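**Q** upload_29.cif is the file, holding mmCIF, C-alpha atoms:
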data_data
loop_
_atom_site.label_atom_id
_atom_site.label_comp_id
_atom_site.auth_asym_id
_atom_site.auth_seq_id
_atom_site.Cartn_x
_atom_site.Cartn_y
_atom_site.Cartn_z
CA MET A 1 87.75 68.83 80.07
CA LEU A 2 90.93 70.67 78.97
CA ALA A 3 92.62 72.92 81.52
CA ALA A 4 92.34 76.65 80.86
CA SER A 5 95.43 78.33 79.50
CA ALA A 6 97.23 81.02 81.53
CA SER A 7 95.93 83.71 79.17
CA GLN A 8 92.36 82.52 79.70
CA ILE A 9 92.78 82.57 83.47
CA LEU A 10 94.18 86.11 83.46
CA ARG A 11 91.62 87.53 81.02
CA PRO A 12 88.93 89.55 82.88
CA PRO A 13 85.37 88.26 82.67
CA ALA A 14 83.52 89.64 79.66
CA ASP A 15 80.88 91.31 81.85
CA LYS A 16 83.37 93.62 83.56
CA PRO A 17 83.01 97.19 82.27
CA PRO A 18 86.24 98.97 81.31
CA LEU A 19 87.74 101.51 83.72
CA ASP A 20 90.71 103.80 83.12
CA VAL A 21 92.45 104.67 86.40
CA LEU A 22 94.60 107.80 86.24
CA ILE A 23 97.00 107.73 89.17
CA CYS A 24 98.48 111.05 90.25
CA ALA A 25 102.20 111.38 90.77
CA PRO A 26 103.55 112.54 93.11
CA ARG A 27 101.24 111.07 95.74
CA GLY A 28 101.49 109.52 99.18
CA PHE A 29 104.34 109.79 101.66
CA CYS A 30 106.44 112.95 101.70
CA ALA A 31 109.94 113.23 103.15
CA GLY A 32 108.70 114.60 106.48
CA VAL A 33 106.27 111.72 106.95
CA VAL A 34 108.90 109.13 106.04
CA ARG A 35 111.27 110.69 108.57
CA ALA A 36 108.67 110.69 111.35
CA ILE A 37 107.59 107.07 110.79
CA ASP A 38 111.22 105.97 110.48
CA ALA A 39 111.97 107.73 113.77
CA VAL A 40 109.38 105.64 115.62
CA GLU A 41 110.48 102.40 113.96
CA LYS A 42 114.18 103.14 114.59
CA ALA A 43 113.48 103.94 118.25
CA LEU A 44 111.58 100.65 118.59
CA ALA A 45 114.47 98.79 116.97
CA LEU A 46 117.13 100.45 119.15
CA TYR A 47 115.36 100.52 122.50
CA GLY A 48 112.50 98.06 122.17
CA PRO A 49 108.90 98.76 123.17
CA PRO A 50 107.34 100.79 124.52
CA VAL A 51 108.06 103.97 122.63
CA TYR A 52 105.73 106.82 123.56
CA VAL A 53 104.45 109.19 120.86
CA ARG A 54 102.68 112.45 121.65
CA HIS A 55 99.71 112.67 119.28
CA GLU A 56 99.47 110.65 116.08
CA ILE A 57 102.93 110.59 114.52
CA VAL A 58 101.19 111.37 111.20
CA HIS A 59 97.49 111.67 110.39
CA ASN A 60 96.78 108.20 109.10
CA LYS A 61 94.93 105.52 111.05
CA TYR A 62 96.55 102.64 109.15
CA VAL A 63 100.05 103.92 109.94
CA VAL A 64 99.23 104.61 113.58
CA GLU A 65 97.68 101.17 114.12
CA SER A 66 100.66 99.51 112.45
CA LEU A 67 103.08 101.28 114.80
CA ARG A 68 100.86 100.53 117.78
CA ARG A 69 101.08 96.82 117.01
CA LYS A 70 104.89 97.12 117.04
CA GLY A 71 104.88 98.68 120.51
CA ALA A 72 104.28 102.41 120.07
CA ILE A 73 101.99 103.99 122.67
CA PHE A 74 100.17 107.12 121.51
CA VAL A 75 99.14 109.75 124.05
CA ASP A 76 97.44 113.13 123.80
CA GLU A 77 99.58 114.82 126.43
CA LEU A 78 102.79 114.08 128.31
CA ASP A 79 100.98 113.75 131.65
CA GLU A 80 99.61 110.42 130.39
CA ILE A 81 103.16 108.99 130.32
CA PRO A 82 104.49 107.38 133.51
CA GLU A 83 108.04 107.98 134.74
CA THR A 84 110.09 106.18 132.10
CA GLN A 85 113.46 105.89 130.39
CA ALA A 86 111.72 104.95 127.13
CA PRO A 87 111.89 107.34 124.16
CA VAL A 88 109.16 109.98 123.92
CA ILE A 89 108.65 111.18 120.34
CA PHE A 90 106.96 114.40 119.20
CA SER A 91 104.89 114.09 116.02
CA ALA A 92 105.68 115.44 112.55
CA HIS A 93 103.20 118.30 113.05
CA GLY A 94 105.35 120.05 115.66
CA VAL A 95 104.61 121.03 119.25
CA PRO A 96 104.41 124.22 121.33
CA LYS A 97 107.58 125.14 123.22
CA SER A 98 105.87 124.14 126.46
CA VAL A 99 105.97 120.46 125.45
CA PRO A 100 109.78 119.98 125.22
CA GLN A 101 110.08 122.11 128.35
CA GLU A 102 107.77 119.73 130.22
CA ALA A 103 109.65 116.75 128.82
CA ALA A 104 112.95 118.20 130.06
CA GLU A 105 111.50 118.84 133.53
CA ARG A 106 110.43 115.19 133.72
CA ARG A 107 113.79 114.06 132.33
CA PHE A 108 112.26 112.22 129.43
CA PHE A 109 114.39 110.99 126.56
CA ALA A 110 112.60 113.23 124.04
CA ILE A 111 113.01 112.88 120.29
CA ASP A 112 111.62 115.63 118.07
CA ALA A 113 110.24 114.23 114.79
CA THR A 114 108.79 117.58 113.68
CA CYS A 115 108.99 117.93 109.90
CA PRO A 116 111.91 120.25 109.07
CA LEU A 117 109.59 122.33 106.87
CA VAL A 118 107.32 122.93 109.87
CA THR A 119 110.36 123.82 111.95
CA LYS A 120 111.23 126.37 109.24
CA VAL A 121 107.88 128.09 109.87
CA HIS A 122 108.55 128.06 113.64
CA ARG A 123 111.92 129.75 113.11
CA GLU A 124 110.40 132.34 110.76
CA ALA A 125 107.78 133.24 113.37
CA GLU A 126 110.48 133.61 116.02
CA VAL A 127 112.60 135.85 113.79
CA HIS A 128 109.62 138.11 113.07
CA TYR A 129 108.83 138.33 116.79
CA LYS A 130 112.43 139.18 117.72
CA ARG A 131 112.37 141.96 115.13
CA GLY A 132 109.33 143.49 116.79
CA ARG A 133 106.72 142.33 114.28
CA HIS A 134 103.26 140.98 114.97
CA VAL A 135 102.80 137.63 113.24
CA VAL A 136 99.71 136.63 111.27
CA LEU A 137 99.38 132.87 110.84
CA VAL A 138 97.24 131.60 107.96
CA GLY A 139 95.95 128.18 108.96
CA HIS A 140 93.16 126.05 110.37
CA ALA A 141 92.22 126.52 114.02
CA GLY A 142 92.86 123.46 116.17
CA HIS A 143 95.16 121.68 113.72
CA PRO A 144 98.22 120.33 115.59
CA GLU A 145 100.59 122.20 113.29
CA VAL A 146 98.82 125.49 114.02
CA VAL A 147 98.79 124.78 117.76
CA GLY A 148 102.50 124.06 117.59
CA THR A 149 103.34 127.19 115.60
CA MET A 150 101.30 129.49 117.83
CA GLY A 151 102.98 127.89 120.83
CA GLN A 152 106.41 129.09 119.70
CA LEU A 153 105.67 132.64 120.83
CA PRO A 154 104.08 134.31 123.87
CA ALA A 155 100.30 134.60 123.98
CA GLY A 156 99.05 137.42 121.78
CA ALA A 157 102.13 137.52 119.55
CA ILE A 158 100.37 135.59 116.76
CA THR A 159 96.95 136.15 115.24
CA LEU A 160 95.36 133.22 113.41
CA ILE A 161 93.31 133.88 110.29
CA GLU A 162 91.50 131.24 108.23
CA THR A 163 89.63 133.14 105.51
CA ILE A 164 89.62 136.29 103.42
CA ASP A 165 86.82 137.57 105.68
CA ASP A 166 89.20 137.23 108.63
CA VAL A 167 91.59 139.59 106.82
CA ALA A 168 88.88 142.25 106.68
CA ARG A 169 88.28 141.87 110.43
CA LEU A 170 91.94 141.81 111.41
CA VAL A 171 92.96 144.52 113.87
CA PRO A 172 96.73 144.24 114.38
CA PRO A 173 98.48 145.91 117.31
CA ALA A 174 99.06 149.59 116.73
CA GLU A 175 102.52 150.79 115.72
CA LYS A 176 103.81 147.29 115.03
CA GLU A 177 105.15 146.04 111.75
CA LEU A 178 103.13 143.12 110.40
CA SER A 179 104.38 139.78 109.04
CA TYR A 180 102.78 136.49 108.06
CA VAL A 181 103.52 132.77 107.94
CA THR A 182 101.30 129.89 106.84
CA GLN A 183 100.49 126.32 107.74
CA THR A 184 102.40 123.97 105.42
CA THR A 185 99.42 121.85 104.27
CA LEU A 186 96.95 124.44 103.02
CA SER A 187 95.25 124.77 99.66
CA VAL A 188 97.69 126.64 97.43
CA ASP A 189 94.91 128.56 95.68
CA ASP A 190 92.94 129.43 98.83
CA THR A 191 96.10 130.61 100.56
CA ALA A 192 97.08 132.74 97.58
CA GLY A 193 93.73 134.53 97.86
CA ILE A 194 94.18 135.16 101.58
CA VAL A 195 97.74 136.38 101.12
CA ALA A 196 96.64 138.69 98.30
CA ALA A 197 93.99 140.15 100.60
CA LEU A 198 96.57 140.64 103.36
CA LYS A 199 98.94 142.44 100.99
CA ALA A 200 96.14 144.59 99.59
CA ARG A 201 95.07 145.72 103.05
CA PHE A 202 98.56 145.85 104.58
CA PRO A 203 100.99 146.68 101.73
CA GLN A 204 104.01 146.72 104.04
CA ILE A 205 103.39 143.24 105.49
CA VAL A 206 106.57 141.13 105.56
CA SER A 207 106.38 137.87 103.62
CA PRO A 208 108.26 134.61 104.28
CA HIS A 209 111.63 134.39 102.55
CA LYS A 210 110.35 131.23 100.88
CA GLU A 211 106.84 129.84 100.40
CA ASP A 212 105.65 128.11 103.61
CA ILE A 213 103.28 125.65 101.93
CA CYS A 214 105.53 122.64 101.53
CA TYR A 215 106.74 121.14 98.26
CA ALA A 216 104.74 117.93 98.83
CA THR A 217 101.44 119.74 99.36
CA THR A 218 102.03 121.86 96.26
CA ASN A 219 103.09 118.95 94.06
CA ARG A 220 100.17 116.73 95.05
CA GLN A 221 97.67 119.51 94.41
CA GLU A 222 99.18 120.22 91.00
CA ALA A 223 98.85 116.57 90.02
CA VAL A 224 95.20 116.56 91.07
CA LYS A 225 94.59 119.71 89.03
CA ARG A 226 95.93 117.89 85.98
CA VAL A 227 93.83 114.74 86.48
CA ALA A 228 90.54 115.99 87.95
CA PRO A 229 89.12 117.55 84.74
CA GLN A 230 89.75 114.29 82.86
CA VAL A 231 87.88 111.86 85.11
CA ASP A 232 84.36 111.03 86.25
CA ALA A 233 85.39 110.64 89.89
CA MET A 234 88.41 111.17 92.14
CA ILE A 235 89.42 109.18 95.20
CA VAL A 236 91.90 110.68 97.65
CA VAL A 237 93.40 108.05 99.93
CA GLY A 238 93.79 109.57 103.36
CA SER A 239 92.36 110.11 106.83
CA PRO A 240 89.60 112.63 107.59
CA ASN A 241 91.88 114.45 110.06
CA SER A 242 94.64 114.88 107.45
CA SER A 243 94.68 118.50 106.32
CA ASN A 244 96.65 117.91 103.13
CA SER A 245 94.33 115.02 102.14
CA GLN A 246 91.22 117.14 102.66
CA ARG A 247 92.74 119.87 100.53
CA LEU A 248 93.34 117.37 97.69
CA ARG A 249 89.66 116.41 97.74
CA GLU A 250 88.68 120.10 97.64
CA VAL A 251 91.07 120.78 94.76
CA ALA A 252 89.52 117.95 92.72
CA GLU A 253 86.06 119.32 93.41
CA ARG A 254 87.09 122.86 92.46
CA GLU A 255 88.62 121.61 89.21
CA GLY A 256 85.24 120.23 88.13
CA CYS A 257 85.42 116.57 89.07
CA PRO A 258 81.78 115.42 89.53
CA VAL A 259 82.56 113.06 92.45
CA SER A 260 85.44 113.65 94.83
CA ARG A 261 85.77 111.52 97.96
CA LEU A 262 88.29 111.02 100.74
CA VAL A 263 88.68 107.31 101.49
CA LEU A 264 90.81 105.68 104.17
CA ARG A 265 90.69 102.12 102.84
CA ALA A 266 88.96 100.06 100.14
CA GLU A 267 86.33 98.89 102.62
CA ASP A 268 85.19 102.52 102.99
CA ILE A 269 84.32 103.00 99.30
CA ASP A 270 80.69 103.88 98.66
CA TRP A 271 80.18 101.82 95.51
CA SER A 272 76.89 103.54 94.72
CA LEU A 273 78.97 106.57 93.70
CA PHE A 274 81.38 104.67 91.44
CA GLY A 275 79.25 102.03 89.74
CA HIS A 276 78.91 103.73 86.33
CA ILE A 277 82.17 105.63 85.95
CA ARG A 278 84.59 104.99 83.09
CA ARG A 279 87.55 107.13 84.24
CA LEU A 280 88.76 107.31 87.85
CA GLY A 281 91.39 109.63 89.31
CA LEU A 282 93.38 108.32 92.26
CA THR A 283 95.81 110.05 94.59
CA ALA A 284 96.94 109.84 98.21
CA GLY A 285 97.65 112.38 100.90
CA ALA A 286 101.18 112.86 102.19
CA SER A 287 100.56 110.59 105.20
CA ALA A 288 98.91 107.71 103.28
CA PRO A 289 101.03 104.63 102.43
CA GLU A 290 101.17 103.24 98.90
CA VAL A 291 99.80 99.88 100.07
CA LEU A 292 96.39 101.54 100.54
CA VAL A 293 96.48 102.91 96.99
CA GLU A 294 97.18 99.40 95.71
CA GLU A 295 94.39 98.02 97.88
CA ILE A 296 91.89 100.40 96.28
CA ILE A 297 93.07 99.58 92.76
CA ASP A 298 92.57 95.88 93.58
CA ALA A 299 89.05 96.60 94.83
CA PHE A 300 88.16 98.31 91.54
CA ALA A 301 89.78 95.46 89.59
CA LEU A 302 87.24 93.06 91.11
CA ARG A 303 84.43 95.09 89.53
CA PHE A 304 86.03 96.59 86.42
CA ASP A 305 88.45 95.71 83.67
CA VAL A 306 91.06 98.17 84.96
CA ARG A 307 93.69 99.93 82.86
CA VAL A 308 96.13 102.00 84.95
CA GLU A 309 97.93 105.12 83.73
CA THR A 310 100.24 107.34 85.80
CA VAL A 311 100.00 111.10 85.30
CA SER A 312 103.17 112.71 86.59
CA THR A 313 103.66 116.44 87.15
CA ALA A 314 106.86 116.54 89.23
CA ASP A 315 109.77 114.43 90.42
CA GLU A 316 110.52 114.38 94.14
CA SER A 317 113.93 113.58 95.59
CA VAL A 318 113.70 115.34 98.95
CA PHE A 319 115.22 113.44 101.88
CA PHE A 320 115.35 114.36 105.56
CA PRO A 321 117.74 112.47 107.89
CA LEU A 322 116.52 110.97 111.14
CA PRO A 323 116.44 113.17 114.25
CA ARG A 324 119.95 113.67 115.61
CA ASP A 325 119.44 111.58 118.77
CA LEU A 326 118.65 108.51 116.67
CA ARG A 327 121.48 109.14 114.18
CA GLU A 328 124.03 109.49 116.98
CA ARG A 329 122.79 106.35 118.72
CA GLU A 330 122.88 104.45 115.41
CA THR A 331 126.53 105.35 114.76
CA ALA A 332 127.74 105.04 118.38
#
Please lay out the structure from this file as structure tokens.
**A**
Amino acid sequence: MLAASASQILRPPADKPPLDVLICAPRGFCAGVVRAIDAVEKALALYGPPVYVRHEIVHNKYVVESLRRKGAIFVDELDEIPETQAPVIFSAHGVPKSVPQEAAERRFFAIDATCPLVTKVHREAEVHYKRGRHVVLVGHAGHPEVVGTMGQLPAGAITLIETIDDVARLVPPAEKELSYVTQTTLSVDDTAGIVAALKARFPQIVSPHKEDICYATTNRQEAVKRVAPQVDAMIVVGSPNSSNSQRLREVAEREGCPVSRLVLRAEDIDWSLFGHIRRLGLTAGASAPEVLVEEIIDAFALRFDVRVETVSTADESVFFPLPRDLRERETA
């Protein structure tokens, strides 16, 4: 029997149905996530394990488990950390002021990996407070970023609202100027509606100098808006506790995509939902690595004759340097 030629080996089986995969760009890691992950890896390289991290450095199980295997120890609160000279890193989502204060009292070597765009929101809230304004925070209750932002100011100085209905119920302190800030990973469209309601009810409310929803969140949602109406189904690669990933799924759904699912890894795909599609949209949240996108494409390639096309809506060149403590140690 003659050996098969290379072209015969590479040709998909005839029984595979065709599938066009439209990959959104930008997708995946943003500059703040890259900085936070690099901070943990650089600390491990400089000081060796263990390196303690308060909360998940970013909201992605794959990333967290990878860092854990390298020697990172993740804790919910600082009281879980023994007396140590090892680095203690704060996550990209930011922390209340009480956390670095506690770290200083215990003489920890603390490294703040808060995304600079989250820090921007913290500083805005502080400026509003110092100017005598009450701060309205648009965000999701319980999200670490919201907890961190509210923890920048004394209790009662910030009111959290999540919906337009919350705007109608809002009773700000009397005789105080009103201002607002937002979580960085919200739905652009939902937030615009809430902000419009705030401005309609409180015409003098003070806005941020620059949009608080970060460039990465905005760009990824715009790409999904472009792709979602063109496909039979959309997969968002990301973790269930990732706010920006959940918003991408919601955007796809709102744009008319019949099936929109958040998937952590290929093994989590419910194939009963994707068996008869001919066009698939694919994106990834800002904390999801590209290797998981490739893993999902490979999983579809086992079942379909896949043709991949990238749909790009923006170019990203944002870069954030490592936290100062790690930069200084690196150049010492």
**Q** List every residue of stretch 138-236 of chain A that has an atom at most 12 Å from any atom of stretch 246-261 of chain A, and for each one report the closest atom pair and its distance in Å to one decimal, counting all atoms listed in the file, with rows sorted by chain and then by increasing residue number, as a Markdown table.
**A**
| residue | atom | partner | partner_atom | distance |
| --- | --- | --- | --- | --- |
| A:His140 | CA | A:Arg247 | CA | 11.6 |
| A:Thr184 | CA | A:Arg247 | CA | 11.6 |
| A:Thr185 | CA | A:Arg247 | CA | 7.9 |
| A:Leu186 | CA | A:Arg247 | CA | 6.7 |
| A:Ser187 | CA | A:Arg247 | CA | 5.6 |
| A:Val188 | CA | A:Arg247 | CA | 8.9 |
| A:Asp189 | CA | A:Val251 | CA | 8.7 |
| A:Asp190 | CA | A:Arg247 | CA | 9.7 |
| A:Thr191 | CA | A:Arg247 | CA | 11.3 |
| A:Ala216 | CA | A:Leu248 | CA | 11.5 |
| A:Thr217 | CA | A:Leu248 | CA | 8.6 |
| A:Thr218 | CA | A:Leu248 | CA | 9.9 |
| A:Asn219 | CA | A:Leu248 | CA | 10.5 |
| A:Arg220 | CA | A:Leu248 | CA | 7.4 |
| A:Gln221 | CA | A:Leu248 | CA | 5.8 |
| A:Glu222 | CA | A:Val251 | CA | 9.0 |
| A:Ala223 | CA | A:Leu248 | CA | 9.5 |
| A:Val224 | CA | A:Ala252 | CA | 6.1 |
| A:Lys225 | CA | A:Glu255 | CA | 6.3 |
| A:Arg226 | CA | A:Glu255 | CA | 8.8 |
| A:Val227 | CA | A:Ala252 | CA | 8.2 |
| A:Ala228 | CA | A:Ala252 | CA | 5.3 |
| A:Pro229 | CA | A:Cys257 | CA | 5.8 |
| A:Gln230 | CA | A:Cys257 | CA | 7.9 |
| A:Val231 | CA | A:Cys257 | CA | 6.6 |
| A:Asp232 | CA | A:Pro258 | CA | 6.1 |
| A:Ala233 | CA | A:Val259 | CA | 4.5 |
| A:Met234 | CA | A:Ser260 | CA | 4.7 |
| A:Ile235 | CA | A:Arg261 | CA | 5.1 |
| A:Val236 | CA | A:Arg249 | CA | 6.2 |
**Q** Using the chain letters and numbering of this document, enumerate as a list in words the residues selected by the PyMOL selection byres ((chain A and resi 57) around 6).
**A**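 Evaluating the PyMOL selection byres ((chain A and resi 57) around 6) on this file yields Glu56, Val58, Ser91 and Ala92 of chain A.
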**Q** Rank nothing, just name the residue among A:Leu153, A:Glu145, A:Val195, A:Ser287 nearest to A:Val167, using only C-alpha atoms.
**A** A:Val195
**Q** Can you turn the PyMOL selection byres ((chain A and resi 297) around 12) into a concrete residue list for this file, as a ChimeraX atom specification?
**A** /A:19-23,235,237,265-267,269,280-283,290-296,298-309
**Q** Given all atoms listed in the file as the basis, pick out the residue of A:Cys24, A:Leu262, A:Leu160, A:Leu178 nearest to A:Ala314.
**A**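 Under the stated criterion, the closest residue is A:Cys24.
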**Q** Got a sec: who's within 12 Å of A:Pro321, counting only C-alpha atoms, leaving out chain neighbours fewer than 2 positions off, as a PyMOL selection string?
**A** chain A and resi 31-39+113-116+318-319+323-328
**Q** One decimal, Å: what's the distance from atom CA of A:Val99 over to atom CA of A:Glu77, could you say?
**A**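 Atom CA of A:Glu77 lies at a distance of 8.6 Å from atom CA of A:Val99.
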**Q** When distances are computed from all atoms listed in the file, which of A:Ala72, A:Val138, A:Val51, A:Leu117 shows the smallest separation from A:Gln85?
**A** A:Val51
**Q** Taking only C-alpha atoms into account, name the residue in A:Glu65, A:Glu83, A:Asp212, A:Asp15 that is nearest to A:Ala125.
**A**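 Checking each of A:Glu65, A:Glu83, A:Asp212, A:Asp15 against A:Ala125, counting only C-alpha atoms, the winner is A:Asp212.
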**Q** Just to confirm, what's the straight-line distance from atom CA of A:Phe90 to atom CA of A:Ala103 in Å (one decimal)?
**A**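 So the two atoms, atom CA of A:Phe90 and atom CA of A:Ala103, lie 10.3 Å apart.
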**Q** Using all atoms listed in the file - which residues lie no farther than 12 Å from the point (111.2, 112.0, 90.5) in the file's frame? Write them as a ChimeraX atom specification.
**A** /A:25-27,219,312-318
**Q** Please, which residues are within 12 Å of (106.1, 104.9, 132.0) by the file's coordinates, counting only C-alpha atoms, and could they come as a ChimeraX atom specification?
**A** /A:49-52,73,75,78-88,106-109
**Q** Given the PyMOL selection byres ((chain A and resi 146) around 10) and the file above, list the residues it selects as a PyMOL selection string.
**A** chain A and resi 93-96+118+137-145+147-151+160+182-184
**Q** For those residues, write C-alpha atoms to a file as a tab-separated table (two decimals), keeping the file's coordinate frame.
**A**
chain	number	residue	atom	x	y	z
A	93	HIS	CA	103.20	118.30	113.05
A	94	GLY	CA	105.35	120.05	115.66
A	95	VAL	CA	104.61	121.03	119.25
A	96	PRO	CA	104.41	124.22	121.33
A	118	VAL	CA	107.32	122.93	109.87
A	137	LEU	CA	99.38	132.87	110.84
A	138	VAL	CA	97.24	131.60	107.96
A	139	GLY	CA	95.95	128.18	108.96
A	140	HIS	CA	93.16	126.05	110.37
A	141	ALA	CA	92.22	126.52	114.02
A	142	GLY	CA	92.86	123.46	116.17
A	143	HIS	CA	95.16	121.68	113.72
A	144	PRO	CA	98.22	120.33	115.59
A	145	GLU	CA	100.59	122.20	113.29
A	147	VAL	CA	98.79	124.78	117.76
A	148	GLY	CA	102.50	124.06	117.59
A	149	THR	CA	103.34	127.19	115.60
A	150	MET	CA	101.30	129.49	117.83
A	151	GLY	CA	102.98	127.89	120.83
A	160	LEU	CA	95.36	133.22	113.41
A	182	THR	CA	101.30	129.89	106.84
A	183	GLN	CA	100.49	126.32	107.74
A	184	THR	CA	102.40	123.97	105.42
**Q** Quick one: distance from atom CA of A:Pro100 to atom CA of A:Ser245 in Å, one decimal?
**A** 28.2 Å
**Q** Extract stretch 168-188 of chain A from the structure I just pasted (atoms: N, CA and C atoms) and return it as a PDB file, in the first residue's frame.
**A**
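Once written, selection03.pdb looks like this:
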ATOM      1  N   ALA A 168     -33.352  56.019  40.768  1.00  0.00           N
ATOM      2  CA  ALA A 168     -34.643  56.581  41.204  1.00  0.00           C
ATOM      3  C   ALA A 168     -34.778  56.560  42.723  1.00  0.00           C
ATOM      4  N   ARG A 169     -34.141  55.571  43.364  1.00  0.00           N
ATOM      5  CA  ARG A 169     -34.241  55.450  44.825  1.00  0.00           C
ATOM      6  C   ARG A 169     -33.152  56.209  45.567  1.00  0.00           C
ATOM      7  N   LEU A 170     -32.196  56.748  44.850  1.00  0.00           N
ATOM      8  CA  LEU A 170     -31.042  57.378  45.484  1.00  0.00           C
ATOM      9  C   LEU A 170     -31.448  58.625  46.267  1.00  0.00           C
ATOM     10  N   VAL A 171     -31.021  58.666  47.526  1.00  0.00           N
ATOM     11  CA  VAL A 171     -31.257  59.836  48.377  1.00  0.00           C
ATOM     12  C   VAL A 171     -29.895  60.330  48.864  1.00  0.00           C
ATOM     13  N   PRO A 172     -29.267  61.242  48.129  1.00  0.00           N
ATOM     14  CA  PRO A 172     -27.942  61.717  48.527  1.00  0.00           C
ATOM     15  C   PRO A 172     -28.021  62.620  49.748  1.00  0.00           C
ATOM     16  N   PRO A 173     -26.904  62.797  50.438  1.00  0.00           N
ATOM     17  CA  PRO A 173     -26.892  63.696  51.599  1.00  0.00           C
ATOM     18  C   PRO A 173     -27.317  65.105  51.196  1.00  0.00           C
ATOM     19  N   ALA A 174     -28.082  65.731  52.054  1.00  0.00           N
ATOM     20  CA  ALA A 174     -28.561  67.080  51.755  1.00  0.00           C
ATOM     21  C   ALA A 174     -27.394  68.065  51.715  1.00  0.00           C
ATOM     22  N   GLU A 175     -27.536  69.065  50.862  1.00  0.00           N
ATOM     23  CA  GLU A 175     -26.582  70.170  50.759  1.00  0.00           C
ATOM     24  C   GLU A 175     -25.162  69.726  50.407  1.00  0.00           C
ATOM     25  N   LYS A 176     -25.044  68.606  49.712  1.00  0.00           N
ATOM     26  CA  LYS A 176     -23.732  68.163  49.252  1.00  0.00           C
ATOM     27  C   LYS A 176     -23.746  68.039  47.743  1.00  0.00           C
ATOM     28  N   GLU A 177     -22.684  68.533  47.119  1.00  0.00           N
ATOM     29  CA  GLU A 177     -22.545  68.343  45.687  1.00  0.00           C
ATOM     30  C   GLU A 177     -22.368  66.853  45.407  1.00  0.00           C
ATOM     31  N   LEU A 178     -22.854  66.418  44.261  1.00  0.00           N
ATOM     32  CA  LEU A 178     -22.834  64.996  43.917  1.00  0.00           C
ATOM     33  C   LEU A 178     -21.832  64.747  42.783  1.00  0.00           C
ATOM     34  N   SER A 179     -21.155  63.601  42.848  1.00  0.00           N
ATOM     35  CA  SER A 179     -20.223  63.189  41.798  1.00  0.00           C
ATOM     36  C   SER A 179     -20.406  61.693  41.570  1.00  0.00           C
ATOM     37  N   TYR A 180     -19.819  61.188  40.481  1.00  0.00           N
ATOM     38  CA  TYR A 180     -19.895  59.740  40.276  1.00  0.00           C
ATOM     39  C   TYR A 180     -18.603  59.219  39.670  1.00  0.00           C
ATOM     40  N   VAL A 181     -18.330  57.945  39.955  1.00  0.00           N
ATOM     41  CA  VAL A 181     -17.261  57.170  39.328  1.00  0.00           C
ATOM     42  C   VAL A 181     -17.861  55.816  38.992  1.00  0.00           C
ATOM     43  N   THR A 182     -17.147  55.017  38.184  1.00  0.00           N
ATOM     44  CA  THR A 182     -17.685  53.709  37.826  1.00  0.00           C
ATOM     45  C   THR A 182     -16.614  52.629  37.946  1.00  0.00           C
ATOM     46  N   GLN A 183     -17.085  51.416  38.134  1.00  0.00           N
ATOM     47  CA  GLN A 183     -16.224  50.241  38.016  1.00  0.00           C
ATOM     48  C   GLN A 183     -15.662  50.197  36.599  1.00  0.00           C
ATOM     49  N   THR A 184     -14.450  49.677  36.428  1.00  0.00           N
ATOM     50  CA  THR A 184     -13.796  49.736  35.118  1.00  0.00           C
ATOM     51  C   THR A 184     -14.252  48.652  34.150  1.00  0.00           C
ATOM     52  N   THR A 185     -14.974  47.625  34.635  1.00  0.00           N
ATOM     53  CA  THR A 185     -15.261  46.461  33.786  1.00  0.00           C
ATOM     54  C   THR A 185     -16.753  46.287  33.494  1.00  0.00           C
ATOM     55  N   LEU A 186     -17.491  47.368  33.494  1.00  0.00           N
ATOM     56  CA  LEU A 186     -18.933  47.288  33.292  1.00  0.00           C
ATOM     57  C   LEU A 186     -19.306  47.235  31.817  1.00  0.00           C
ATOM     58  N   SER A 187     -20.564  46.897  31.556  1.00  0.00           N
ATOM     59  CA  SER A 187     -21.111  47.015  30.216  1.00  0.00           C
ATOM     60  C   SER A 187     -21.154  48.490  29.838  1.00  0.00           C
ATOM     61  N   VAL A 188     -20.570  48.828  28.698  1.00  0.00           N
ATOM     62  CA  VAL A 188     -20.559  50.218  28.245  1.00  0.00           C
ATOM     63  C   VAL A 188     -21.976  50.734  28.073  1.00  0.00           C
TER      64      VAL A 188
END
